[in-house]
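So this one's data-v4.cif, mmCIF, C-alpha atoms:
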```
data_my_file
#
loop_
_atom_site.label_atom_id
_atom_site.label_comp_id
_atom_site.auth_asym_id
_atom_site.auth_seq_id
_atom_site.Cartn_x
_atom_site.Cartn_y
_atom_site.Cartn_z
CA MET A 1 -10.87 -33.13 -3.86
CA LYS A 2 -8.16 -35.66 -4.59
CA GLN A 3 -4.63 -34.30 -4.62
CA GLU A 4 -4.09 -35.76 -8.09
CA CYS A 5 -6.92 -33.60 -9.46
CA MET A 6 -5.40 -30.46 -7.93
CA ILE A 7 -1.97 -31.28 -9.33
CA GLU A 8 -3.55 -31.71 -12.75
CA GLN A 9 -5.39 -28.39 -12.42
CA TYR A 10 -2.13 -26.54 -11.75
CA LYS A 11 -0.39 -28.52 -14.48
CA GLN A 12 -2.96 -27.22 -16.95
CA MET A 13 -2.03 -23.72 -15.78
CA GLY A 14 1.56 -24.47 -16.81
CA ILE A 15 3.01 -25.22 -13.38
CA ASP A 16 5.35 -28.18 -13.11
CA PRO A 17 4.30 -30.80 -10.49
CA LYS A 18 7.69 -30.38 -8.81
CA VAL A 19 7.08 -26.63 -8.39
CA TYR A 20 3.56 -27.31 -7.12
CA ALA A 21 4.76 -29.89 -4.59
CA PHE A 22 7.38 -27.45 -3.27
CA GLY A 23 4.68 -24.84 -2.73
CA GLU A 24 2.34 -27.32 -1.04
CA LYS A 25 4.99 -28.30 1.49
CA ILE A 26 5.57 -24.68 2.44
CA GLU A 27 1.85 -23.90 2.61
CA ARG A 28 1.30 -26.71 5.11
CA GLU A 29 4.04 -25.29 7.32
CA LEU A 30 2.35 -21.86 7.25
CA LYS A 31 -1.10 -22.96 8.41
CA PRO A 32 -0.72 -21.75 12.06
CA ARG A 33 0.42 -18.36 10.81
CA PHE A 34 -2.42 -18.15 8.32
CA ASP A 35 -4.86 -18.88 11.15
CA ARG A 36 -3.56 -15.83 13.04
CA ILE A 37 -4.02 -13.67 9.94
CA ASP A 38 -7.63 -14.83 9.75
CA GLU A 39 -8.13 -13.78 13.39
CA THR A 40 -6.89 -10.27 12.58
CA ALA A 41 -9.18 -10.15 9.54
CA GLU A 42 -12.14 -11.13 11.70
CA TYR A 43 -11.32 -8.38 14.22
CA ASN A 44 -11.03 -5.77 11.48
CA GLN A 45 -14.19 -7.01 9.78
CA MET A 46 -16.14 -6.34 12.98
CA LYS A 47 -14.52 -2.90 13.20
CA VAL A 48 -15.69 -1.99 9.69
CA LEU A 49 -19.15 -3.46 10.27
CA ARG A 50 -19.59 -1.51 13.50
CA ALA A 51 -18.53 1.75 11.82
CA MET A 52 -21.10 1.19 9.07
CA GLN A 53 -23.88 0.35 11.48
CA GLU A 54 -23.16 3.22 13.87
CA ASN A 55 -23.26 5.69 10.98
CA ARG A 56 -26.52 4.29 9.65
CA VAL A 57 -25.42 3.26 6.18
CA SER A 58 -28.56 2.78 4.10
CA ALA A 59 -29.50 1.88 0.55
CA GLU A 60 -29.98 5.61 -0.10
CA CYS A 61 -26.22 6.06 0.42
CA PHE A 62 -25.56 4.23 -2.86
CA ALA A 63 -27.41 6.76 -5.02
CA MET A 64 -25.32 8.60 -7.59
CA SER A 65 -24.79 12.34 -7.33
CA ASN A 66 -23.45 14.61 -10.05
CA GLY A 67 -22.68 18.25 -10.67
CA TYR A 68 -21.69 20.05 -7.50
CA GLY A 69 -22.66 17.09 -5.34
CA TYR A 70 -24.35 19.21 -2.67
CA ASN A 71 -25.90 17.21 0.18
CA ASP A 72 -24.49 13.92 -1.06
CA LEU A 73 -25.64 11.54 1.67
CA GLY A 74 -23.52 8.63 0.47
CA ARG A 75 -20.31 10.65 0.25
CA ASP A 76 -20.77 12.30 3.64
CA THR A 77 -21.74 9.06 5.37
CA LEU A 78 -18.80 7.18 3.88
CA GLU A 79 -16.43 9.79 5.25
CA LYS A 80 -17.96 9.30 8.69
CA VAL A 81 -17.44 5.54 8.32
CA TYR A 82 -13.77 5.99 7.47
CA ALA A 83 -13.27 8.40 10.36
CA ALA A 84 -14.94 6.03 12.81
CA CYS A 85 -13.11 2.93 11.61
CA PHE A 86 -9.65 4.55 11.53
CA ARG A 87 -10.28 6.58 14.73
CA GLY A 88 -10.03 10.03 13.14
CA GLU A 89 -11.93 13.24 13.77
CA ASP A 90 -12.81 13.64 10.10
CA ALA A 91 -12.15 12.10 6.69
CA LEU A 92 -11.92 13.02 3.03
CA VAL A 93 -12.73 10.04 0.76
CA ARG A 94 -13.18 11.08 -2.86
CA PRO A 95 -13.04 9.75 -6.42
CA GLN A 96 -11.51 13.11 -7.34
CA ILE A 97 -8.33 11.94 -5.57
CA THR A 98 -6.80 10.01 -8.43
CA CYS A 99 -4.15 7.87 -6.71
CA GLY A 100 -2.01 7.47 -3.61
CA THR A 101 0.59 9.97 -4.79
CA HIS A 102 -2.17 12.51 -5.40
CA ALA A 103 -3.56 11.93 -1.90
CA LEU A 104 -0.13 12.44 -0.35
CA ALA A 105 0.57 15.55 -2.43
CA LEU A 106 -2.83 16.92 -1.42
CA ALA A 107 -2.12 16.37 2.27
CA LEU A 108 1.31 17.98 2.01
CA PHE A 109 0.41 21.01 -0.10
CA SER A 110 -2.64 21.78 2.02
CA ASN A 111 -0.90 21.60 5.39
CA LEU A 112 2.42 23.25 4.54
CA ARG A 113 3.09 26.91 3.77
CA PRO A 114 6.03 28.78 2.19
CA GLY A 115 8.91 28.83 4.64
CA ASP A 116 7.92 25.57 6.32
CA GLU A 117 10.11 22.49 6.27
CA LEU A 118 9.06 18.90 5.66
CA LEU A 119 11.01 16.17 7.46
CA SER A 120 11.21 12.47 6.65
CA PRO A 121 12.82 10.63 9.58
CA VAL A 122 12.66 7.28 7.76
CA GLY A 123 14.89 7.99 4.78
CA LYS A 124 13.99 8.54 1.15
CA PRO A 125 10.28 8.54 0.31
CA TYR A 126 8.66 6.51 -2.45
CA ASP A 127 9.96 7.43 -5.92
CA THR A 128 6.86 9.28 -7.13
CA LEU A 129 7.02 11.65 -4.15
CA GLU A 130 10.48 12.86 -5.12
CA GLU A 131 9.00 15.17 -7.75
CA VAL A 132 6.17 16.23 -5.44
CA ILE A 133 8.73 17.33 -2.86
CA GLY A 134 11.26 18.67 -5.37
CA ILE A 135 14.07 16.21 -4.62
CA ARG A 136 14.00 15.75 -8.38
CA PRO A 137 13.05 19.02 -10.08
CA SER A 138 9.46 19.11 -11.33
CA GLN A 139 6.81 21.63 -12.21
CA GLY A 140 4.72 22.65 -9.23
CA SER A 141 6.78 20.89 -6.54
CA LEU A 142 6.82 21.90 -2.88
CA ALA A 143 10.29 23.33 -3.48
CA GLU A 144 8.86 25.80 -6.02
CA TYR A 145 6.56 27.08 -3.26
CA GLY A 146 9.46 27.73 -0.90
CA ILE A 147 8.93 24.62 1.22
CA THR A 148 12.20 22.96 2.17
CA TYR A 149 12.85 19.30 2.81
CA ARG A 150 15.13 17.30 5.03
CA GLN A 151 15.50 13.57 5.60
CA VAL A 152 17.21 11.39 8.16
CA GLU A 153 18.34 7.94 7.08
CA LEU A 154 17.50 4.86 9.05
CA LEU A 155 20.42 3.16 10.77
CA ALA A 156 21.99 0.10 9.17
CA ASP A 157 19.79 -2.24 11.21
CA GLY A 158 16.61 -0.41 10.15
CA SER A 159 16.15 1.41 13.47
CA PHE A 160 15.49 5.13 13.86
CA ASP A 161 18.46 7.49 14.22
CA TYR A 162 16.99 9.39 17.14
CA ASP A 163 19.99 11.68 17.63
CA ALA A 164 19.96 12.77 13.98
CA ILE A 165 16.17 13.20 14.05
CA LYS A 166 16.42 15.44 17.10
CA ASN A 167 19.10 17.56 15.40
CA ALA A 168 17.00 17.82 12.23
CA ILE A 169 13.97 19.35 13.97
CA HIS A 170 14.07 23.14 14.21
CA GLU A 171 11.73 26.11 14.28
CA LYS A 172 10.72 25.75 10.61
CA THR A 173 9.95 22.04 10.80
CA LYS A 174 6.18 21.87 10.32
CA LEU A 175 5.30 18.38 9.14
CA VAL A 176 6.85 14.96 9.60
CA THR A 177 6.05 12.36 6.94
CA ILE A 178 6.38 8.69 7.86
CA GLN A 179 6.15 6.11 5.11
CA ARG A 180 4.76 2.91 6.59
CA SER A 181 5.67 0.66 3.68
CA LYS A 182 9.13 0.13 2.23
CA GLY A 183 8.45 1.45 -1.28
CA TYR A 184 11.23 0.58 -3.75
CA GLN A 185 13.66 -0.09 -0.94
CA THR A 186 14.72 -3.15 0.98
CA ARG A 187 14.34 -1.53 4.40
CA PRO A 188 11.86 -2.96 6.88
CA SER A 189 8.32 -1.66 6.73
CA LEU A 190 7.12 -0.03 9.94
CA SER A 191 4.70 -1.54 12.42
CA VAL A 192 2.04 0.63 14.02
CA GLU A 193 3.86 0.23 17.32
CA ARG A 194 7.14 1.55 15.89
CA ILE A 195 5.32 4.42 14.19
CA GLY A 196 3.82 5.33 17.56
CA GLU A 197 7.25 5.36 19.20
CA LEU A 198 8.62 7.66 16.48
CA ILE A 199 5.64 10.03 16.73
CA ALA A 200 5.96 10.24 20.52
CA PHE A 201 9.64 11.08 20.14
CA VAL A 202 9.25 13.89 17.59
CA LYS A 203 6.31 15.39 19.46
CA SER A 204 8.34 15.38 22.69
CA ILE A 205 10.77 17.71 20.88
CA LYS A 206 8.15 19.87 19.14
CA PRO A 207 4.55 19.14 20.22
CA ASP A 208 2.89 21.11 17.41
CA LEU A 209 4.46 19.04 14.63
CA ILE A 210 1.96 17.54 12.21
CA CYS A 211 2.69 13.81 11.85
CA MET A 212 1.44 12.34 8.59
CA VAL A 213 1.64 8.61 7.86
CA ASP A 214 1.66 7.29 4.31
CA ASN A 215 -0.59 4.33 5.11
CA CYS A 216 -0.50 2.74 1.65
CA TYR A 217 -0.37 -1.08 1.72
CA GLY A 218 -0.77 -1.16 5.51
CA GLU A 219 -4.50 -0.82 6.13
CA PHE A 220 -6.04 -3.77 8.01
CA VAL A 221 -2.75 -5.67 8.25
CA GLU A 222 -2.76 -5.05 12.01
CA GLU A 223 -5.56 -4.48 14.49
CA ARG A 224 -4.57 -0.83 15.01
CA GLU A 225 -4.02 2.02 12.57
CA PRO A 226 -1.52 4.90 13.00
CA LEU A 227 -4.11 7.45 14.20
CA GLU A 228 -4.47 5.29 17.31
CA VAL A 229 -0.81 5.87 18.21
CA GLY A 230 -0.66 9.64 17.74
CA ALA A 231 -0.61 10.35 14.00
CA ASP A 232 -2.42 13.51 12.90
CA MET A 233 -3.19 12.24 9.39
CA ILE A 234 -3.16 8.95 7.55
CA VAL A 235 -3.25 8.93 3.78
CA GLY A 236 -3.87 6.20 1.24
CA SER A 237 -5.30 4.96 -2.03
CA LEU A 238 -8.60 3.18 -2.60
CA ILE A 239 -7.10 0.95 -5.28
CA LYS A 240 -4.94 -0.55 -2.57
CA ASN A 241 -6.14 -2.24 0.63
CA PRO A 242 -9.18 -0.17 1.67
CA GLY A 243 -10.90 -0.39 -1.71
CA GLY A 244 -11.12 -4.16 -1.37
CA GLY A 245 -10.52 -4.61 -5.10
CA LEU A 246 -13.85 -2.98 -5.99
CA ALA A 247 -13.12 0.75 -5.83
CA PRO A 248 -12.20 1.84 -9.39
CA ILE A 249 -10.42 5.04 -8.29
CA GLY A 250 -10.02 7.26 -5.26
CA GLY A 251 -7.98 8.17 -2.21
CA TYR A 252 -8.49 9.12 1.40
CA ILE A 253 -7.14 11.41 4.11
CA VAL A 254 -8.29 10.72 7.67
CA GLY A 255 -7.24 12.51 10.84
CA LYS A 256 -7.49 15.78 12.71
CA LYS A 257 -10.40 17.95 11.60
CA GLU A 258 -8.18 20.92 10.71
CA CYS A 259 -5.80 18.79 8.61
CA VAL A 260 -8.69 17.22 6.70
CA ALA A 261 -10.39 20.60 6.20
CA ASN A 262 -7.16 22.03 4.78
CA ALA A 263 -6.99 19.13 2.33
CA ALA A 264 -10.63 19.54 1.31
CA HIS A 265 -10.16 23.23 0.53
CA ARG A 266 -7.10 22.39 -1.53
CA LEU A 267 -8.89 19.59 -3.41
CA THR A 268 -11.88 21.71 -4.37
CA SER A 269 -11.57 25.43 -3.63
CA PRO A 270 -11.15 27.79 -0.68
CA GLY A 271 -14.61 28.42 0.67
CA LEU A 272 -16.06 25.23 -0.79
CA GLY A 273 -14.09 22.46 0.92
CA LYS A 274 -16.01 19.24 1.55
CA GLU A 275 -19.37 20.68 0.45
CA VAL A 276 -18.79 19.92 -3.23
CA GLY A 277 -17.51 16.92 -5.11
CA ALA A 278 -20.02 14.51 -6.60
CA SER A 279 -19.62 10.80 -5.83
CA LEU A 280 -20.75 9.99 -9.40
CA ASN A 281 -21.50 6.32 -9.98
CA VAL A 282 -18.73 4.80 -7.85
CA ILE A 283 -20.04 5.28 -4.33
CA ALA A 284 -21.54 1.78 -3.94
CA SER A 285 -18.20 0.20 -4.89
CA PHE A 286 -16.48 2.38 -2.27
CA TYR A 287 -18.77 1.04 0.44
CA GLN A 288 -18.70 -2.59 -0.64
CA GLY A 289 -14.95 -2.54 -1.21
CA PHE A 290 -14.30 -1.08 2.24
CA PHE A 291 -16.61 -3.69 3.78
CA GLN A 292 -14.67 -6.61 2.30
CA ALA A 293 -11.22 -4.98 2.58
CA PRO A 294 -10.17 -6.83 5.78
CA VAL A 295 -10.65 -10.24 4.15
CA VAL A 296 -9.09 -9.22 0.83
CA THR A 297 -6.10 -7.77 2.70
CA ALA A 298 -5.74 -11.03 4.63
CA GLY A 299 -5.53 -13.00 1.37
CA ALA A 300 -2.88 -10.63 0.02
CA LEU A 301 -0.95 -10.91 3.28
CA LYS A 302 -0.94 -14.70 3.05
CA GLY A 303 0.41 -14.40 -0.48
CA ALA A 304 3.25 -12.14 0.67
CA ILE A 305 4.23 -14.55 3.44
CA PHE A 306 4.03 -17.49 1.05
CA ALA A 307 6.34 -15.66 -1.38
CA ALA A 308 8.82 -14.86 1.38
CA ASN A 309 9.01 -18.49 2.46
CA ILE A 310 9.25 -19.83 -1.10
CA TYR A 311 12.08 -17.56 -2.15
CA GLU A 312 14.03 -17.48 1.09
CA ARG A 313 14.08 -21.28 1.02
CA LEU A 314 15.60 -21.04 -2.47
CA GLY A 315 18.41 -18.78 -1.27
CA PHE A 316 17.13 -15.35 -2.29
CA ALA A 317 17.22 -12.36 0.06
CA VAL A 318 13.69 -11.33 1.05
CA VAL A 319 12.31 -8.39 3.02
CA PRO A 320 10.58 -9.03 5.33
CA GLY A 321 12.21 -12.36 6.12
CA ALA A 322 10.15 -15.54 6.05
CA LEU A 323 9.59 -15.57 9.81
CA GLU A 324 9.43 -11.82 10.48
CA PRO A 325 6.24 -9.99 11.56
CA ARG A 326 4.29 -8.29 8.78
CA CYS A 327 3.43 -4.59 8.63
CA ASP A 328 2.16 -4.34 5.05
CA ILE A 329 1.23 -6.55 2.10
CA ILE A 330 4.41 -5.94 0.09
CA GLN A 331 7.08 -8.59 -0.30
CA ALA A 332 10.49 -7.65 -1.67
CA VAL A 333 12.59 -10.39 -3.27
CA THR A 334 16.12 -9.63 -4.44
CA LEU A 335 16.59 -11.59 -7.67
CA ASN A 336 20.18 -10.44 -8.36
CA SER A 337 19.77 -10.03 -12.12
CA ALA A 338 17.63 -8.30 -14.69
CA GLU A 339 16.77 -11.73 -16.14
CA GLY A 340 15.44 -12.91 -12.79
CA LEU A 341 13.38 -9.76 -12.25
CA ILE A 342 11.85 -9.98 -15.73
CA ALA A 343 11.13 -13.71 -15.39
CA PHE A 344 9.37 -13.19 -12.04
CA CYS A 345 7.15 -10.47 -13.50
CA LYS A 346 6.35 -12.60 -16.55
CA GLY A 347 5.12 -15.30 -14.17
CA ILE A 348 2.83 -12.91 -12.32
CA GLN A 349 1.40 -11.64 -15.61
CA ALA A 350 0.84 -15.17 -16.86
CA ALA A 351 -1.22 -15.91 -13.73
CA ALA A 352 -3.52 -12.91 -14.21
CA PRO A 353 -7.24 -13.19 -15.04
CA VAL A 354 -6.90 -10.17 -17.36
CA ASP A 355 -4.20 -9.80 -20.06
CA SER A 356 -2.52 -13.07 -19.09
CA TYR A 357 -1.27 -13.39 -22.68
CA VAL A 358 0.63 -10.09 -22.49
CA THR A 359 4.40 -10.05 -21.94
CA PRO A 360 5.51 -7.27 -19.56
CA GLU A 361 8.51 -5.23 -20.71
CA PRO A 362 10.67 -2.65 -18.90
CA TRP A 363 9.89 0.97 -19.77
CA ASP A 364 10.64 4.56 -18.73
CA MET A 365 7.65 5.12 -16.45
CA PRO A 366 6.86 8.72 -15.43
CA GLY A 367 7.98 9.54 -11.88
CA TYR A 368 10.85 7.03 -11.76
CA ASP A 369 14.59 7.44 -12.34
CA SER A 370 15.17 4.13 -14.13
CA GLU A 371 13.30 1.66 -16.31
CA VAL A 372 10.56 -0.17 -14.43
CA ILE A 373 8.88 -3.47 -15.22
CA MET A 374 5.33 -3.97 -14.04
CA ALA A 375 3.14 -7.05 -14.15
CA ALA A 376 -0.55 -6.62 -13.45
CA GLY A 377 -3.51 -8.13 -15.18
CA ALA A 378 -6.07 -6.29 -13.13
CA PHE A 379 -9.77 -5.49 -13.30
CA VAL A 380 -8.84 -1.94 -12.20
CA GLN A 381 -5.85 -0.43 -13.96
CA GLY A 382 -2.95 0.01 -11.54
CA SER A 383 -4.77 -1.62 -8.64
CA SER A 384 -2.09 -2.98 -6.33
CA ILE A 385 -4.49 -4.83 -4.07
CA GLU A 386 -4.90 -7.07 -7.10
CA LEU A 387 -2.08 -9.47 -7.95
CA SER A 388 0.86 -7.46 -9.22
CA ALA A 389 4.64 -7.25 -9.17
CA ASP A 390 7.01 -4.54 -10.21
CA GLY A 391 10.51 -3.26 -9.74
CA PRO A 392 13.15 -0.93 -11.16
CA LEU A 393 15.70 -2.43 -13.51
CA LYS A 394 18.72 -1.53 -11.44
CA PRO A 395 20.81 -3.36 -8.82
CA PRO A 396 20.00 -5.25 -6.66
CA TYR A 397 17.14 -6.14 -9.05
CA ALA A 398 14.54 -6.47 -6.33
CA VAL A 399 10.95 -7.22 -7.23
CA TYR A 400 8.05 -5.97 -5.14
CA PHE A 401 5.14 -8.36 -5.05
CA GLN A 402 1.75 -7.50 -3.61
CA GLY A 403 -1.94 -8.18 -3.76
CA GLY A 404 -4.28 -10.93 -4.77
CA LEU A 405 -8.03 -10.55 -4.39
CA THR A 406 -8.05 -14.10 -3.04
CA TRP A 407 -5.37 -16.15 -1.34
CA TYR A 408 -5.68 -18.84 -3.99
CA HIS A 409 -4.92 -16.41 -6.78
CA ALA A 410 -1.93 -15.04 -4.87
CA LYS A 411 -0.69 -18.61 -4.41
CA CYS A 412 -1.04 -19.34 -8.11
CA GLY A 413 0.84 -16.16 -9.00
CA ILE A 414 3.80 -17.01 -6.78
CA LEU A 415 4.00 -20.54 -8.13
CA MET A 416 3.86 -19.17 -11.69
CA SER A 417 6.68 -16.72 -10.93
CA LEU A 418 8.75 -19.62 -9.64
CA GLN A 419 7.84 -21.65 -12.72
CA LYS A 420 9.30 -18.98 -15.03
CA LEU A 421 12.54 -18.87 -13.02
CA TYR A 422 12.61 -22.68 -13.02
CA GLU A 423 12.25 -22.83 -16.80
CA GLN A 424 15.16 -20.41 -17.30
CA ASN A 425 17.43 -22.20 -14.80
CA LEU A 426 17.48 -19.12 -12.56
CA VAL A 427 16.83 -21.15 -9.39
CA ASN A 428 18.71 -24.02 -7.81
CA LYS A 429 16.49 -26.92 -8.86
CA GLU A 430 18.10 -29.21 -6.31
CA LEU A 431 16.41 -27.20 -3.56
CA LEU A 432 12.94 -27.95 -4.90
#
```
Write-out of the structure in structure tokens:
Amino acid sequence: MKQECMIEQYKQMGIDPKVYAFGEKIERELKPRFDRIDETAEYNQMKVLRAMQENRVSAECFAMSNGYGYNDLGRDTLEKVYAACFRGEDALVRPQITCGTHALALALFSNLRPGDELLSPVGKPYDTLEEVIGIRPSQGSLAEYGITYRQVELLADGSFDYDAIKNAIHEKTKLVTIQRSKGYQTRPSLSVERIGELIAFVKSIKPDLICMVDNCYGEFVEEREPLEVGADMIVGSLIKNPGGGLAPIGGYIVGKKECVANAAHRLTSPGLGKEVGASLNVIASFYQGFFQAPVVTAGALKGAIFAANIYERLGFAVVPGALEPRCDIIQAVTLNSAEGLIAFCKGIQAAAPVDSYVTPEPWDMPGYDSEVIMAAGAFVQGSSIELSADGPLKPPYAVYFQGGLTWYHAKCGILMSLQKLYEQNLVNKELL
């Protein structure tokens, strides 16, 4: 296709030719890196395919179950697929797990008891977990059940404070939670290798510690997952990476058999565990989404790297940096003003296939301590493997961009975000 036709296509989308040309220059520079991402996607695609074949996935697995869901072949086989692919002893993959926060709360409540202590050696957890833990008072928190919490901040350079972690572990420390992604922070996300080093360290101090990794946004970004470096549980949401954009709801817990069994009995009922829980009419989307998740994740990862290079070149602080290795699909961009944050999100919304005509506005979202603006025109409400951006309206006014079911849509979204900043004179136009 002639370049002039492509320029015209983007122009019809509302993107200035100067903005488009700036993006094209950066995309050409990124081609070798994008090729390496495709290699990782191919490796992970074979891993998923092998797990499905070895566990004899059949057309019968896609049949709907209802009621109690006894002997649900599709549900039980899918959990074997997840366990095999992520290298766990067992898995819990259910539509009854409503979101990532729910999956994490389920894993924590089921594997902690009154008098135990939860430790985060990587600083503050994601905002919505603060009420789960009881950092911010909330009905039904871990704190109300007599479970205490302690955290150790990362050092200024983002490394682990091993001395403080060692001092924080004592006889009541039962579970260590490690958040792989940065959340609403500008700290580095954690590679699987670094997670493995941290797990080895804490288990050298207290071998019976349960190490749980919040795996949200990290699945299939690397060739290994945290269970392969010593984690006891990994936890995530199906409307992020592993759902491949097709799962309409759901979450997973994969890991040691005892940890998963505890979670199952908490999700349903003591004595029932994994035996009940109908897969309803979503099971086929769970399988198909998981099958295509490596490629969808690769597209989202390219979009994150593209965003980092675009905005770093324009003088904005980005985490990770343009040239840094990637551990998740999230890109943080510090926009320095509320106007910049709002303009960026308006651009992402304008690029959406759904609700593109809607203008996102900041609001007091449950679970957060400040107004939050969210842009997401998604086929699945709240799906953050689809193109989305959000951030709290407070200094340093960082936006968190993620997703894109295809690389081309992610590219369009980033260019549209830049277009909105360009129109409001919030970028240095001389750098374009």
Determine the residue membership of the PyMOL selection byres ((chain A and resi 288-295) around 6) for the file above and supply it as an mmCIF file with C-alpha atoms, keeping the file's coordinate frame.
```cif
data_model
loop_
_atom_site.group_PDB
_atom_site.id
_atom_site.type_symbol
_atom_site.label_atom_id
_atom_site.label_comp_id
_atom_site.auth_asym_id
_atom_site.auth_seq_id
_atom_site.Cartn_x
_atom_site.Cartn_y
_atom_site.Cartn_z
ATOM 1 C CA ALA A 41 -9.180 -10.150 9.540
ATOM 2 C CA ASN A 44 -11.030 -5.770 11.480
ATOM 3 C CA GLN A 45 -14.190 -7.010 9.780
ATOM 4 C CA PHE A 220 -6.040 -3.770 8.010
ATOM 5 C CA PRO A 242 -9.180 -0.170 1.670
ATOM 6 C CA GLY A 243 -10.900 -0.390 -1.710
ATOM 7 C CA GLY A 244 -11.120 -4.160 -1.370
ATOM 8 C CA LEU A 246 -13.850 -2.980 -5.990
ATOM 9 C CA ALA A 247 -13.120 0.750 -5.830
ATOM 10 C CA SER A 285 -18.200 0.200 -4.890
ATOM 11 C CA PHE A 286 -16.480 2.380 -2.270
ATOM 12 C CA TYR A 287 -18.770 1.040 0.440
ATOM 13 C CA VAL A 296 -9.090 -9.220 0.830
ATOM 14 C CA THR A 297 -6.100 -7.770 2.700
ATOM 15 C CA ALA A 298 -5.740 -11.030 4.630
#
```
Report task. May I ask which of the residues A:Glu193, A:Leu415, A:Phe306, A:Val260 is the closest one to Glu89 of chain A, counting only C-alpha atoms? Result ->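 Comparing A:Glu193, A:Leu415, A:Phe306, A:Val260 against Glu89 of chain A, the winner is A:Val260.
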Requested in this report: Quick one: apply the PyMOL selection byres ((chain A and resi 78) around 12) to the file and drop the selected residues here as number ranges by chain.
Outcome: A: 48, 51-58, 60-62, 72-77, 79-85, 90-94, 252, 254, 279, 282-291
Query raised in the report: Got a sec: who's within 7 Å of segment 374-389 of chain A, counting all atoms listed in the file, leaving out chain neighbours fewer than 2 positions off, as number ranges by chain?
Result: A: 239-241, 245, 248, 345-346, 348-349, 352-356, 360, 372, 391, 399-405, 410
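We find atom CA of Pro121 of chain A and atom CA of Gly183 of chain A to be spaced 14.9 Å apart.
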